[in-house]
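Novice: So I've got this file, target28.tsv, and it contains TSV, C-alpha atoms:
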```tsv
chain	number	residue	atom	x	y	z
A	581	MET	CA	47.28	135.68	18.33
A	582	HIS	CA	47.05	138.15	15.43
A	583	THR	CA	50.49	139.32	14.27
A	584	PRO	CA	50.38	142.80	12.70
A	585	THR	CA	51.88	143.19	9.23
A	586	ASP	CA	54.59	145.77	8.61
A	587	GLU	CA	51.97	148.19	7.30
A	588	GLU	CA	49.73	147.66	10.32
A	589	GLN	CA	52.70	148.00	12.68
A	590	ALA	CA	53.61	151.32	11.10
A	591	LEU	CA	50.03	152.53	11.52
A	592	LEU	CA	49.98	151.50	15.18
A	593	SER	CA	53.31	153.20	15.89
A	594	LYS	CA	52.08	156.37	14.22
A	595	CYS	CA	48.87	156.42	16.30
A	596	ILE	CA	50.57	155.73	19.61
A	597	ALA	CA	53.24	158.38	18.95
A	598	LYS	CA	50.80	161.09	17.90
A	599	VAL	CA	48.33	160.42	20.70
A	600	GLY	CA	51.17	160.37	23.24
A	601	CYS	CA	50.34	157.01	24.83
A	602	GLU	CA	52.82	154.41	25.99
A	603	GLU	CA	50.58	151.38	25.46
A	604	ALA	CA	47.76	150.43	23.13
A	605	HIS	CA	45.05	150.20	25.76
A	606	GLN	CA	45.66	153.83	26.79
A	607	CYS	CA	44.63	155.01	23.33
A	608	LEU	CA	41.32	153.18	23.71
A	609	LEU	CA	40.46	155.26	26.78
A	610	MET	CA	40.04	158.33	24.57
A	611	PRO	CA	36.74	159.17	22.87
A	612	TYR	CA	36.80	157.88	19.30
A	613	ALA	CA	36.32	161.31	17.69
A	614	GLU	CA	39.15	162.78	19.77
A	615	PHE	CA	41.38	159.84	18.83
A	616	LEU	CA	40.80	160.47	15.10
A	617	ARG	CA	41.51	164.19	15.45
A	618	THR	CA	44.66	163.74	17.57
A	619	ALA	CA	46.09	160.95	15.38
A	620	GLY	CA	45.24	162.84	12.18
A	621	LEU	CA	43.46	159.88	10.59
A	622	GLY	CA	40.58	159.68	8.17
A	623	PRO	CA	37.45	157.60	8.85
A	624	GLU	CA	38.63	154.45	7.07
A	625	GLU	CA	42.21	154.55	8.34
A	626	GLY	CA	40.99	155.45	11.81
A	627	ARG	CA	38.60	152.47	11.87
A	628	ARG	CA	41.46	150.12	10.93
A	629	ALA	CA	43.74	151.64	13.59
A	630	TRP	CA	41.03	151.41	16.28
A	631	GLU	CA	40.39	147.76	15.43
A	632	LEU	CA	44.12	146.94	15.54
A	633	LEU	CA	44.52	148.67	18.90
A	634	SER	CA	41.54	146.76	20.27
A	635	ARG	CA	42.90	143.40	19.12
A	636	LEU	CA	46.33	144.25	20.50
A	637	ALA	CA	44.98	145.38	23.90
A	638	TYR	CA	42.52	142.50	24.22
A	639	PRO	CA	43.30	139.45	22.03
A	640	TRP	CA	39.80	138.01	22.33
A	641	GLU	CA	40.39	135.49	19.55
A	642	ASP	CA	43.00	133.75	21.72
A	643	ARG	CA	40.58	133.55	24.63
A	644	CYS	CA	37.78	131.75	22.80
A	645	GLN	CA	37.63	128.07	23.76
A	646	SER	CA	35.27	125.23	23.00
A	647	ALA	CA	33.06	123.77	25.70
A	648	LEU	CA	35.09	120.56	25.46
A	649	ALA	CA	38.33	122.41	26.20
A	650	LEU	CA	36.76	124.15	29.18
A	651	ALA	CA	35.53	120.79	30.50
A	652	GLU	CA	39.14	119.58	30.71
A	653	GLU	CA	39.88	121.59	33.83
A	654	ARG	CA	43.23	121.27	35.56
A	655	TRP	CA	43.66	120.91	39.28
A	656	ILE	CA	46.31	120.80	41.97
A	657	THR	CA	45.74	117.89	44.31
A	658	THR	CA	45.73	118.28	48.08
A	659	GLY	CA	47.35	114.85	48.33
A	660	ASP	CA	44.21	113.19	49.69
A	661	PRO	CA	41.57	111.81	47.25
A	662	GLN	CA	38.66	112.37	49.64
A	663	ILE	CA	39.61	115.97	50.37
A	664	ASP	CA	40.04	116.52	46.63
A	665	ALA	CA	36.55	115.14	46.04
A	666	LEU	CA	35.17	117.39	48.78
A	667	LEU	CA	36.67	120.43	47.00
A	668	GLY	CA	35.47	119.35	43.57
A	669	GLY	CA	38.91	118.20	42.41
A	670	GLY	CA	41.40	120.11	44.54
A	671	ILE	CA	42.67	123.64	43.81
A	672	ARG	CA	41.65	124.68	40.31
A	673	LEU	CA	44.20	126.46	38.12
A	674	GLY	CA	42.98	129.88	37.04
A	675	SER	CA	41.12	130.54	40.29
A	676	ILE	CA	41.50	132.44	43.56
A	677	VAL	CA	40.98	130.22	46.61
A	678	GLU	CA	40.84	131.48	50.19
A	679	ILE	CA	41.89	129.43	53.22
A	680	VAL	CA	40.45	130.82	56.43
A	681	GLY	CA	40.56	129.71	60.05
A	682	GLU	CA	41.50	130.67	63.57
A	683	SER	CA	45.09	130.79	64.79
A	684	ALA	CA	46.74	127.34	64.83
A	685	ALA	CA	43.95	125.81	62.74
A	686	GLY	CA	46.52	124.64	60.18
A	687	LYS	CA	46.27	127.28	57.44
A	688	THR	CA	50.01	127.51	56.82
A	689	GLN	CA	50.33	123.71	56.99
A	690	LEU	CA	47.79	123.36	54.18
A	691	CYS	CA	49.62	126.03	52.16
A	692	LEU	CA	52.92	124.13	52.50
A	693	GLN	CA	51.14	120.98	51.45
A	694	LEU	CA	49.84	122.69	48.32
A	695	ALA	CA	53.28	124.19	47.61
A	696	ILE	CA	54.66	120.66	47.38
A	697	ALA	CA	51.70	119.27	45.44
A	698	ALA	CA	51.93	121.98	42.76
A	699	GLN	CA	55.41	120.75	41.81
A	700	LEU	CA	54.46	117.09	41.39
A	701	PRO	CA	53.92	115.58	37.93
A	702	ARG	CA	50.50	116.00	36.37
A	703	SER	CA	50.13	112.24	36.27
A	704	VAL	CA	49.64	112.22	40.06
A	705	GLY	CA	47.53	115.39	40.28
A	706	GLY	CA	50.25	118.03	40.44
A	707	ALA	CA	50.80	120.96	38.10
A	708	GLY	CA	54.49	120.40	37.35
A	709	GLY	CA	55.41	124.01	38.04
A	710	ASP	CA	57.06	126.43	40.43
A	711	VAL	CA	55.54	128.18	43.44
A	712	ILE	CA	55.63	131.76	44.71
A	713	TYR	CA	55.13	131.99	48.49
A	714	ILE	CA	54.53	135.47	49.94
A	715	SER	CA	54.83	135.37	53.74
A	716	THR	CA	53.47	138.41	55.60
A	717	GLU	CA	53.31	136.98	59.13
A	718	GLY	CA	56.93	136.37	60.03
A	719	ALA	CA	59.64	134.04	58.84
A	720	PHE	CA	58.79	131.35	56.31
A	721	PRO	CA	58.67	127.85	57.95
A	722	THR	CA	61.54	126.37	55.95
A	723	GLN	CA	62.15	123.43	58.28
A	724	ARG	CA	58.52	122.36	58.24
A	725	LEU	CA	58.48	122.41	54.43
A	726	ALA	CA	61.64	120.28	54.34
A	727	HIS	CA	60.21	117.79	56.85
A	728	MET	CA	56.85	117.58	55.06
A	729	ALA	CA	58.25	117.10	51.54
A	730	GLY	CA	59.50	113.52	51.89
A	731	PRO	CA	56.43	111.98	53.57
A	732	PHE	CA	54.04	113.90	51.29
A	733	VAL	CA	55.77	112.82	48.08
A	734	ALA	CA	55.91	109.21	49.32
A	735	ARG	CA	52.18	109.31	50.14
A	736	VAL	CA	51.10	110.78	46.80
A	737	CYS	CA	53.64	109.35	44.34
A	738	GLY	CA	54.64	106.16	46.12
A	739	ARG	CA	57.90	105.38	47.82
A	740	SER	CA	59.56	104.42	44.54
A	741	ALA	CA	59.27	108.01	43.28
A	742	ALA	CA	60.26	109.65	46.56
A	743	PRO	CA	64.06	109.43	46.06
A	744	SER	CA	63.88	111.33	42.75
A	745	ILE	CA	61.74	114.17	44.18
A	746	THR	CA	63.85	115.31	47.11
A	747	ALA	CA	63.21	118.00	49.68
A	748	GLN	CA	66.03	120.04	48.15
A	749	ARG	CA	64.34	119.90	44.76
A	750	ILE	CA	61.02	120.94	46.27
A	751	MET	CA	62.53	123.88	48.16
A	752	ARG	CA	64.54	125.00	45.12
A	753	HIS	CA	61.31	125.65	43.21
A	754	VAL	CA	59.57	127.68	45.93
A	755	GLN	CA	60.31	131.39	45.51
A	756	ILE	CA	59.82	133.08	48.91
A	757	ALA	CA	59.16	136.73	49.67
A	758	GLU	CA	58.91	137.78	53.33
A	759	LEU	CA	57.09	141.12	53.41
A	760	ASP	CA	56.86	143.11	56.63
A	761	ASP	CA	54.42	145.87	55.69
A	762	MET	CA	51.80	146.92	53.17
A	763	GLU	CA	54.20	149.09	51.16
A	764	THR	CA	56.63	146.24	50.48
A	765	MET	CA	53.72	143.95	49.70
A	766	PHE	CA	52.38	146.29	47.02
A	767	HIS	CA	55.90	146.77	45.66
A	768	ALA	CA	56.26	143.00	45.30
A	769	LEU	CA	52.90	142.77	43.53
A	770	ASP	CA	53.92	145.60	41.19
A	771	TYR	CA	57.33	144.27	40.19
A	772	LYS	CA	58.54	140.98	41.69
A	773	VAL	CA	55.46	138.78	41.17
A	774	PRO	CA	54.82	139.83	37.52
A	775	ALA	CA	58.48	139.20	36.68
A	776	LEU	CA	58.35	135.68	38.13
A	777	LEU	CA	55.02	134.90	36.49
A	778	SER	CA	56.23	136.07	33.08
A	779	ALA	CA	58.67	133.13	32.99
A	780	GLY	CA	55.63	130.88	32.52
A	781	THR	CA	56.70	128.19	34.99
A	782	VAL	CA	54.74	129.29	38.09
A	783	ARG	CA	51.55	127.32	38.75
A	784	LEU	CA	50.73	128.41	42.30
A	785	VAL	CA	50.97	131.72	44.16
A	786	ILE	CA	50.39	131.62	47.93
A	787	ILE	CA	49.84	134.75	50.03
A	788	ASP	CA	50.04	133.94	53.74
A	789	SER	CA	48.22	136.03	54.69
A	790	ILE	CA	46.24	138.57	52.69
A	791	ALA	CA	44.78	140.05	55.88
A	792	ALA	CA	47.99	140.72	57.80
A	793	HIS	CA	48.70	144.11	56.22
A	794	THR	CA	45.21	145.05	55.03
A	795	ARG	CA	42.99	144.19	57.98
A	796	PHE	CA	43.77	146.91	60.51
A	797	ASP	CA	44.52	150.60	60.46
A	798	MET	CA	47.24	150.68	63.11
A	799	SER	CA	46.88	154.43	63.58
A	800	ALA	CA	43.08	154.43	63.77
A	801	GLY	CA	43.12	155.38	67.46
A	802	GLU	CA	44.97	158.58	66.62
A	803	ARG	CA	42.62	159.61	63.84
A	804	ALA	CA	39.27	161.31	63.63
A	805	PRO	CA	36.34	159.03	62.73
A	806	ASP	CA	36.15	160.50	59.22
A	807	ASP	CA	39.83	159.68	58.66
A	808	SER	CA	39.28	156.10	59.80
A	809	ARG	CA	36.42	155.72	57.34
A	810	ALA	CA	38.71	157.03	54.64
A	811	PHE	CA	41.24	154.32	55.52
A	812	TYR	CA	38.68	151.53	55.13
A	813	LYS	CA	37.51	153.03	51.87
A	814	GLU	CA	41.10	153.05	50.65
A	815	ARG	CA	41.57	149.48	51.88
A	816	SER	CA	38.54	148.33	49.91
A	817	SER	CA	40.02	149.96	46.82
A	818	HIS	CA	43.32	148.12	47.39
A	819	LEU	CA	41.51	144.79	47.78
A	820	VAL	CA	39.57	145.31	44.56
A	821	GLN	CA	42.77	146.18	42.70
A	822	MET	CA	44.60	143.14	44.10
A	823	GLY	CA	41.68	140.89	43.25
A	824	ALA	CA	41.59	142.18	39.67
A	825	ARG	CA	45.32	141.53	39.33
A	826	PHE	CA	45.03	138.03	40.74
A	827	LYS	CA	42.18	137.15	38.38
A	828	ARG	CA	44.06	138.50	35.37
A	829	TRP	CA	47.31	136.74	36.26
A	830	ALA	CA	45.58	133.47	37.12
A	831	ASP	CA	43.94	133.42	33.71
A	832	GLN	CA	46.92	134.75	31.75
A	833	TYR	CA	49.56	132.48	33.29
A	834	ASP	CA	47.37	129.44	34.03
A	835	CYS	CA	48.10	129.41	37.75
A	836	ALA	CA	46.13	129.39	40.99
A	837	PHE	CA	46.18	131.97	43.78
A	838	VAL	CA	45.73	130.75	47.36
A	839	CYS	CA	45.14	133.54	49.87
A	840	VAL	CA	45.12	132.92	53.62
A	841	ASN	CA	42.62	134.96	55.61
A	842	GLN	CA	42.09	135.48	59.32
A	843	VAL	CA	38.88	135.48	61.33
A	844	THR	CA	37.14	138.17	63.32
A	845	ASP	CA	34.76	137.93	66.26
A	846	VAL	CA	31.04	138.33	65.66
A	847	PHE	CA	29.28	140.31	68.39
A	848	SER	CA	25.92	141.20	66.87
A	849	ALA	CA	23.26	138.72	65.86
A	850	GLY	CA	22.75	140.61	62.62
A	851	ARG	CA	26.24	140.04	61.35
A	852	GLY	CA	26.42	136.50	62.62
A	853	ALA	CA	23.27	135.69	60.73
A	854	SER	CA	25.09	136.30	57.47
A	855	VAL	CA	27.34	133.31	58.21
A	856	SER	CA	25.41	130.11	57.64
A	857	ALA	CA	25.27	128.04	60.81
A	858	GLU	CA	26.43	124.78	59.29
A	859	PRO	CA	27.25	123.01	56.04
A	860	THR	CA	24.57	120.88	54.46
A	861	ARG	CA	26.42	117.66	55.28
A	862	ILE	CA	29.47	116.51	57.21
A	863	GLY	CA	31.95	114.32	55.37
A	864	ALA	CA	29.46	114.06	52.59
A	865	LEU	CA	31.84	112.12	50.38
A	866	SER	CA	33.09	109.49	52.83
A	867	GLU	CA	31.61	106.20	53.90
A	868	GLN	CA	31.32	107.57	57.43
A	869	SER	CA	29.36	110.65	56.32
A	870	THR	CA	26.52	111.79	58.53
A	871	ASP	CA	23.60	114.07	57.74
A	872	LEU	CA	23.30	117.06	60.01
A	873	SER	CA	19.84	115.90	61.01
A	874	GLN	CA	21.50	112.89	62.63
A	875	MET	CA	24.48	114.86	64.01
A	876	ASP	CA	27.78	113.30	65.02
A	877	SER	CA	27.55	110.94	67.96
A	878	GLN	CA	31.10	111.81	68.98
A	879	GLY	CA	30.51	115.55	69.28
A	880	GLU	CA	29.07	118.58	67.56
A	881	PHE	CA	30.05	119.48	64.03
A	882	ALA	CA	32.44	122.37	63.50
A	883	SER	CA	30.88	125.70	62.63
A	884	MET	CA	32.36	129.19	62.45
A	885	ALA	CA	28.99	130.71	63.27
A	886	ARG	CA	28.66	128.60	66.43
A	887	ALA	CA	32.10	129.82	67.48
A	888	ARG	CA	30.86	133.38	66.73
A	889	LYS	CA	33.61	133.94	64.19
A	890	ALA	CA	33.54	135.23	60.63
A	891	PRO	CA	36.19	135.60	57.91
A	892	ALA	CA	37.93	138.97	57.97
A	893	LEU	CA	37.98	141.56	55.15
A	894	GLY	CA	34.20	141.57	54.74
A	895	ALA	CA	31.80	140.87	51.91
A	896	MET	CA	33.80	142.74	49.29
A	897	TRP	CA	36.71	140.31	49.54
A	898	ALA	CA	34.30	137.36	49.66
A	899	ASN	CA	32.93	138.46	46.27
A	900	ILE	CA	36.45	138.57	44.78
A	901	ILE	CA	37.52	135.01	45.61
A	902	ASN	CA	36.21	131.98	43.72
A	903	ALA	CA	36.21	129.47	46.57
A	904	ARG	CA	36.63	129.41	50.34
A	905	ILE	CA	38.12	126.62	52.45
A	906	MET	CA	37.50	126.80	56.20
A	907	LEU	CA	39.65	125.04	58.79
A	908	TYR	CA	38.46	124.34	62.32
A	909	GLN	CA	40.19	122.98	65.39
A	910	ARG	CA	38.83	121.81	68.74
A	911	ARG	CA	41.53	121.17	71.31
A	912	GLY	CA	41.35	118.08	73.46
A	913	LEU	CA	40.60	118.28	77.19
A	914	ALA	CA	43.92	117.11	78.59
A	915	ALA	CA	44.13	116.78	82.36
A	916	ALA	CA	47.38	118.74	82.38
A	917	ALA	CA	45.66	121.67	80.72
A	918	CYS	CA	42.61	121.48	83.00
A	919	PRO	CA	43.75	121.56	86.65
A	920	ARG	CA	40.20	121.04	87.89
A	921	VAL	CA	39.94	117.68	86.14
A	922	ASP	CA	41.91	114.96	87.91
A	923	ALA	CA	43.46	111.99	86.12
A	924	ASP	CA	40.64	109.57	87.02
A	925	ALA	CA	37.96	111.96	85.78
A	926	ALA	CA	39.90	112.60	82.57
A	927	ALA	CA	40.22	108.86	81.95
A	928	ALA	CA	36.44	108.52	82.21
A	929	LEU	CA	35.84	111.13	79.50
A	930	PRO	CA	35.02	109.95	75.97
A	931	ALA	CA	38.08	109.55	73.77
A	932	HIS	CA	36.91	112.16	71.25
A	933	LEU	CA	36.97	114.82	73.99
A	934	LEU	CA	40.55	114.05	74.94
A	935	ARG	CA	42.09	114.37	71.50
A	936	THR	CA	42.37	117.45	69.33
A	937	ARG	CA	40.03	117.25	66.36
A	938	ARG	CA	40.17	119.16	63.07
A	939	TRP	CA	37.69	119.74	60.26
A	940	LEU	CA	38.02	121.02	56.72
A	941	GLU	CA	35.01	122.62	55.05
A	942	ASN	CA	34.31	123.62	51.47
A	943	ALA	CA	32.40	126.78	52.43
A	944	PHE	CA	31.53	127.84	48.89
A	945	SER	CA	32.80	126.95	45.45
A	946	PRO	CA	31.51	126.83	41.85
A	947	TRP	CA	32.76	123.25	41.54
A	948	ALA	CA	31.32	121.41	44.54
A	949	PRO	CA	28.48	121.72	47.08
A	950	ARG	CA	29.15	122.91	50.60
A	951	ALA	CA	30.41	120.01	52.70
A	952	GLN	CA	32.71	119.23	55.60
A	953	CYS	CA	34.90	116.34	56.71
A	954	GLU	CA	37.11	115.58	59.68
A	955	VAL	CA	40.85	115.62	58.96
A	956	VAL	CA	44.07	114.81	60.77
A	957	LEU	CA	47.34	116.71	60.53
A	958	GLY	CA	50.44	114.55	60.39
A	959	ALA	CA	53.99	114.57	59.08
A	960	SER	CA	52.76	114.62	55.46
A	961	GLY	CA	50.13	117.29	56.02
A	962	PHE	CA	46.34	116.99	56.11
A	963	GLN	CA	44.55	113.73	55.45
A	964	HIS	CA	40.95	112.64	55.70
A	965	ALA	CA	40.28	111.16	59.14
```
Using structure tokens, write down the structure that the file contains.

Specialist:
Amino acid sequence: MHTPTDEEQALLSKCIAKVGCEEAHQCLLMPYAEFLRTAGLGPEEGRRAWELLSRLAYPWEDRCQSALALAEERWITTGDPQIDALLGGGIRLGSIVEIVGESAAGKTQLCLQLAIAAQLPRSVGGAGGDVIYISTEGAFPTQRLAHMAGPFVARVCGRSAAPSITAQRIMRHVQIAELDDMETMFHALDYKVPALLSAGTVRLVIIDSIAAHTRFDMSAGERAPDDSRAFYKERSSHLVQMGARFKRWADQYDCAFVCVNQVTDVFSAGRGASVSAEPTRIGALSEQSTDLSQMDSQGEFASMARARKAPALGAMWANIINARIMLYQRRGLAAAACPRVDADAAAALPAHLLRTRRWLENAFSPWAPRAQCEVVLGASGFQHA
């Protein structure tokens, strides 16, 4: 980064004071001729001042990297090599990744899993940093995080490393903010999150969920239609602003943002058509992978379009995120839950219909093709089935 000399620093201070700006980038918003007139600078001195302000506001020299350096991308593991391969390496630092699924699909479980993985040493796929967890849908599941930490660390690092990475150590490095409404959420993004990121130790920021306070206008029923449209226009503006912040922070502080999203029902064929019916392959990276042309002999593949669901927040949010992970769940047909099915009939059903099945899909990503695999959720989180 270019360090101004004493002479250059004096010139910058003079310009900022005369123009009446608090920061360098505010001076650059003025027309150049007006800047020269207000600062009282000549052409040569003004050109030097303008260049210094530009380099101070946007240090482009620090952002230039070789192709070799860019090829050495850093990832946060999910704890399962096959799921990592499905996602192109895991969760990439410097990116915004969305996790979307219906209620009870396992979105929060995957977030807790990533919160542990981000703290692990880089030698085993972690990022060796702290985590910020913003919970907008109730109390943070502290007990589940504590119960998952031990088995997850033992699975990823080996049982010999598990005693040194305790649940207490994991929980100590997760900074939690429970936000009940949109106002407190924006306040946290304005002040609390930047302060924590500025320490330089945070490698993962989780927002569970981004849709809770931005999806609905709770007073829409009391408003005129024009007012409701104004709300959604304002919401789109908020999403764009949040997305711009996330992208800037992810790049500046070398961290990843994971945002949980909800789903919405699809009623019209037109909107449903925008959601592709199925991934190109199921479990494309496992030995048990099956092309969609062959289908799965134990049941249909999971598809959000077949369930007539779509991610909430619309196309604008989809264009902000870098990657989308979809989680699906199909509950088993237990006789206790189906009074019309007696025990003998339930016993005659295929085993795959009796157990709850889950799938994880890489819906879109710059790092890997669209693919899907079946997963199981256990004490240590998600694993490839």

Novice: From the options A:Cys737, A:Ile756, A:Leu692, A:Met762, which residue's atoms come nearest to Leu725 (chain A), counting only C-alpha atoms?

Specialist: A:Leu692

Novice: Which distance in Å separates CA of Cys691 (chain A) and CA of Ile786 (chain A), to one decimal?

Specialist: 7.1 Å

Novice: Within 10 Å of Thr716 (chain A), counting only C-alpha atoms, which residues qualify if same-chain residues fewer than 2 places away don't, as a list in words?

Specialist: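 What passes the distance filter is Tyr713, Ile714, Gly718, Ala719, Phe720, Ala757, Glu758, Leu759, Asp760, Asp761, Met762, Thr764, Met765, Ile787, Asp788, Ser789, Ile790, Ala791, Ala792 and His793 of chain A.
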
Novice: I want to know what sits within 8 Å of region 833-838 of chain A, based on only C-alpha atoms, with residues of the same chain fewer than 4 positions away left out; could you give that as a ChimeraX atom specification?

Specialist: /A:671-679,691,777-778,780,782-787,826,829

Novice: So how far away is CA of Asn902 (chain A) from CA of Arg825 (chain A), in Å?

Specialist: 13.9 Å

Novice: Rounded to one decimal in Å, what is the spacing between CA of Gly708 (chain A) and CA of Gly738 (chain A)?

Specialist: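 Calculated distance between CA of Gly708 (chain A) and CA of Gly738 (chain A) is 16.7 Å.
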
Novice: Which residue is closest to Ala685 (chain A)? Choose from A:Phe962, A:Gln909, A:Leu591, A:Leu621 and count only C-alpha atoms.

Specialist: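 Nearest candidate to Ala685 (chain A) out of A:Phe962, A:Gln909, A:Leu591, A:Leu621: A:Gln909.
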
Novice: So which residues touch Gly620 (chain A) within 12 Å, counting all atoms listed in the file, skipping near sequence neighbours fewer than 2 positions away, as JSON, numbers by chain?

Specialist: {"A": [591, 594, 595, 596, 597, 598, 599, 613, 614, 615, 616, 617, 618, 622, 623, 624, 625, 626, 629]}

Novice: Kindly export the residues of the current selection with C-alpha atoms, as a PDB file, keeping the file's coordinate frame.

Specialist:
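Resulting contents of result.pdb:
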```
ATOM      1  CA  LEU A 591      50.030 152.530  11.520  1.00  0.00           C
ATOM      2  CA  LYS A 594      52.080 156.370  14.220  1.00  0.00           C
ATOM      3  CA  CYS A 595      48.870 156.420  16.300  1.00  0.00           C
ATOM      4  CA  ILE A 596      50.570 155.730  19.610  1.00  0.00           C
ATOM      5  CA  ALA A 597      53.240 158.380  18.950  1.00  0.00           C
ATOM      6  CA  LYS A 598      50.800 161.090  17.900  1.00  0.00           C
ATOM      7  CA  VAL A 599      48.330 160.420  20.700  1.00  0.00           C
ATOM      8  CA  ALA A 613      36.320 161.310  17.690  1.00  0.00           C
ATOM      9  CA  GLU A 614      39.150 162.780  19.770  1.00  0.00           C
ATOM     10  CA  PHE A 615      41.380 159.840  18.830  1.00  0.00           C
ATOM     11  CA  LEU A 616      40.800 160.470  15.100  1.00  0.00           C
ATOM     12  CA  ARG A 617      41.510 164.190  15.450  1.00  0.00           C
ATOM     13  CA  THR A 618      44.660 163.740  17.570  1.00  0.00           C
ATOM     14  CA  GLY A 622      40.580 159.680   8.170  1.00  0.00           C
ATOM     15  CA  PRO A 623      37.450 157.600   8.850  1.00  0.00           C
ATOM     16  CA  GLU A 624      38.630 154.450   7.070  1.00  0.00           C
ATOM     17  CA  GLU A 625      42.210 154.550   8.340  1.00  0.00           C
ATOM     18  CA  GLY A 626      40.990 155.450  11.810  1.00  0.00           C
ATOM     19  CA  ALA A 629      43.740 151.640  13.590  1.00  0.00           C
TER      20      ALA A 629
END
```

Novice: Given the choices A:Gly600, A:Gly730, A:Gly681, A:Gly668, which gets closest to Val843 (chain A) if the distance is worked out from only C-alpha atoms?

Specialist: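 Of A:Gly600, A:Gly730, A:Gly681, A:Gly668, the one nearest Val843 (chain A), counting only C-alpha atoms, is A:Gly681.
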